[in-house]
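Some notes on the structure that comes next.
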Amino acid sequence: VQLQASGGGLVQAGGSLRLSCAASNNPFKINRMGWYRQGPGKQRELVATITSGGTADYADSVKGRFTIDTNRAKNVSFLQMNNLKSEDTGIYFCYWFVDVVGGFWGQGTQVTVSS
C-alpha cells in the first residue's frame with residue numbers, strides 16, 4: 001500500500017488546513033487510520049486516529065480543533081485542522097494499520113503556522 005499525503009502549507013495562526021491521505025493499490029481492509037506529526041526538534045507524536053467502526057481519538061492538544069474522517073470507498077483519509085497554532089507546525093504523516101499485516105506510512109506533508 002502506498003500512501004500519499006497532501007494539503008500541507010503555510011497558514012497564519014487561527015487559520016485552517018485540510019490534509020488528505022490517499023492510497024494506491026490497496027488490497028486490504030484498513031482497521032485503523034491515523035495522523036502523526038513531528039515538530040522541529042521533537043519526536044513524532046500521535047495526533048488523531050479513527051477505527052474502521054468510526055471511533056475517533058485525539059491528542060489532548062488538538063481536541064476540539066482537529067477532526068479526522070475517512071472515505072473508505074475511495075481509500076482516502078482526512079485531517080481537518082482549524083484554529084491552528086504555532087505549536088501545530090511540523091511534518092504530518094498519515095498512517096494506516098491492517099490487522100496481522102502491519103502499518104503503512106505516508107511520506108509526510110509540511111504544515112507551517114505563522115504567529
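As shown in the C-alpha cells, the chain order sets the letters A, B, ...; within each chain, residues go from 1, and ligands are also counted from 1 in the order they appear.
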Next item on the list: Fewer than 4 positions away in the same chain doesn't count, so skip those; otherwise give me all residues within 9 Å of segment 71-88 of chain A, counting only C-alpha atoms, as a ChimeraX atom specification.
Entry: /A:11-24,26,29-30,33-35,37,39,48,52,61-62,64-67,94,111-115
Next item on the list: Name the residues of chain A that come out as helix (DSSP H, G or I) in a backbone DSSP run; write them as a PyMOL selection string.
Entry: chain A and resi 72-74+86-88
Those residues with all heavy atoms, as a PDB file, in the first residue's frame please?
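Final output, out.pdb:
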```pdb
ATOM      1  N   ARG A  72     -13.697   5.587   2.984  1.00  0.00           N
ATOM      2  CA  ARG A  72     -13.064   4.291   2.770  1.00  0.00           C
ATOM      3  C   ARG A  72     -13.326   3.742   1.378  1.00  0.00           C
ATOM      4  O   ARG A  72     -12.496   3.027   0.817  1.00  0.00           O
ATOM      5  CB  ARG A  72     -13.514   3.311   3.848  1.00  0.00           C
ATOM      6  CG  ARG A  72     -12.954   3.662   5.213  1.00  0.00           C
ATOM      7  CD  ARG A  72     -13.398   2.725   6.303  1.00  0.00           C
ATOM      8  NE  ARG A  72     -12.867   3.150   7.597  1.00  0.00           N
ATOM      9  CZ  ARG A  72     -11.707   2.750   8.090  1.00  0.00           C
ATOM     10  NH1 ARG A  72     -10.967   1.902   7.390  1.00  0.00           N
ATOM     11  NH2 ARG A  72     -11.283   3.190   9.256  1.00  0.00           N
ATOM     12  N   ALA A  73     -14.467   4.109   0.834  1.00  0.00           N
ATOM     13  CA  ALA A  73     -14.771   3.631  -0.517  1.00  0.00           C
ATOM     14  C   ALA A  73     -13.744   4.152  -1.516  1.00  0.00           C
ATOM     15  O   ALA A  73     -13.436   3.503  -2.514  1.00  0.00           O
ATOM     16  CB  ALA A  73     -16.173   4.064  -0.924  1.00  0.00           C
ATOM     17  N   LYS A  74     -13.211   5.341  -1.215  1.00  0.00           N
ATOM     18  CA  LYS A  74     -12.235   5.947  -2.117  1.00  0.00           C
ATOM     19  C   LYS A  74     -10.815   5.828  -1.585  1.00  0.00           C
ATOM     20  O   LYS A  74      -9.889   6.404  -2.156  1.00  0.00           O
ATOM     21  CB  LYS A  74     -12.579   7.423  -2.343  1.00  0.00           C
ATOM     22  CG  LYS A  74     -13.900   7.619  -3.086  1.00  0.00           C
ATOM     23  CD  LYS A  74     -14.149   9.089  -3.386  1.00  0.00           C
ATOM     24  CE  LYS A  74     -15.429   9.262  -4.168  1.00  0.00           C
ATOM     25  NZ  LYS A  74     -15.707  10.674  -4.492  1.00  0.00           N
ATOM     26  N   SER A  86       0.844  28.003  16.420  1.00  0.00           N
ATOM     27  CA  SER A  86       2.238  27.858  16.008  1.00  0.00           C
ATOM     28  C   SER A  86       2.813  26.514  16.435  1.00  0.00           C
ATOM     29  O   SER A  86       3.634  25.926  15.732  1.00  0.00           O
ATOM     30  CB  SER A  86       3.087  28.998  16.568  1.00  0.00           C
ATOM     31  OG  SER A  86       3.004  29.037  17.983  1.00  0.00           O
ATOM     32  N   GLU A  87       2.326  25.995  17.550  1.00  0.00           N
ATOM     33  CA  GLU A  87       2.829  24.701  18.027  1.00  0.00           C
ATOM     34  C   GLU A  87       2.330  23.524  17.199  1.00  0.00           C
ATOM     35  O   GLU A  87       2.765  22.392  17.408  1.00  0.00           O
ATOM     36  CB  GLU A  87       2.478  24.484  19.504  1.00  0.00           C
ATOM     37  CG  GLU A  87       1.029  24.701  19.838  1.00  0.00           C
ATOM     38  CD  GLU A  87       0.768  26.100  20.391  1.00  0.00           C
ATOM     39  OE1 GLU A  87       1.314  27.079  19.845  1.00  0.00           O
ATOM     40  OE2 GLU A  87      -0.015  26.194  21.369  1.00  0.00           O
ATOM     41  N   ASP A  88       1.437  23.775  16.276  1.00  0.00           N
ATOM     42  CA  ASP A  88       0.988  22.728  15.357  1.00  0.00           C
ATOM     43  C   ASP A  88       1.951  22.561  14.182  1.00  0.00           C
ATOM     44  O   ASP A  88       1.790  21.641  13.377  1.00  0.00           O
ATOM     45  CB  ASP A  88      -0.402  23.042  14.801  1.00  0.00           C
ATOM     46  CG  ASP A  88      -1.467  23.048  15.876  1.00  0.00           C
ATOM     47  OD1 ASP A  88      -1.430  22.165  16.755  1.00  0.00           O
ATOM     48  OD2 ASP A  88      -2.342  23.933  15.843  1.00  0.00           O
TER      49      ASP A  88
END
```
Item checked: All residues 9 Å or closer to Val98 of chain A, only C-alpha atoms, same chain fewer than 4 positions away omitted, as a PyMOL selection string -> chain A and resi 28-32+102-104
Would you put the residues from that selection into a file with C-alpha atoms, as a PDB file, in the first residue's frame?
```
ATOM      1  CA  PHE A  28      -6.672  -4.620   2.421  1.00  0.00           C
ATOM      2  CA  LYS A  29      -9.410  -3.653   4.796  1.00  0.00           C
ATOM      3  CA  ILE A  30      -7.863  -0.857   6.815  1.00  0.00           C
ATOM      4  CA  ASN A  31      -8.550  -1.337  10.522  1.00  0.00           C
ATOM      5  CA  ARG A  32      -7.256   1.988  11.730  1.00  0.00           C
ATOM      6  CA  GLY A 102       1.037  -4.194   9.884  1.00  0.00           C
ATOM      7  CA  GLY A 103       1.222  -0.478   9.284  1.00  0.00           C
ATOM      8  CA  PHE A 104       1.889   1.777   6.311  1.00  0.00           C
TER       9      PHE A 104
END
```
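Shortest atom-to-atom contact with Pro27 of chain A among A:Val100, A:Glu45, A:Gly9, A:Val1: A:Val1, counting only C-alpha atoms.
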Next item on the list: Write down as a PyMOL selection string the residues belonging to chain A that are assigned strand (DSSP E or B) by DSSP computed on the backbone.
Entry: chain A and resi 2-6+9-12+17-24+32-38+45-51+56-58+66-71+76-81+90-98+102-106+109-114
Note to self: What's the separation between atom CA of Thr109 of chain A and atom CA of Thr51 of chain A, in Å to one decimal place?
What the structure shows: 22.1 Å
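Of note, atom CA of Gln38 of chain A and atom CA of Gly90 of chain A are spaced 5.2 Å apart.
Of the listed residues A:Asn25, A:Thr55, A:Gln110, A:Gln2, the one whose atoms come nearest to Pro40 of chain A is A:Gln110, with distances taken using only C-alpha atoms.
Reported to one decimal place, the separation of atom CA of Ile91 of chain A from atom CA of Leu46 of chain A is 11.9 Å.
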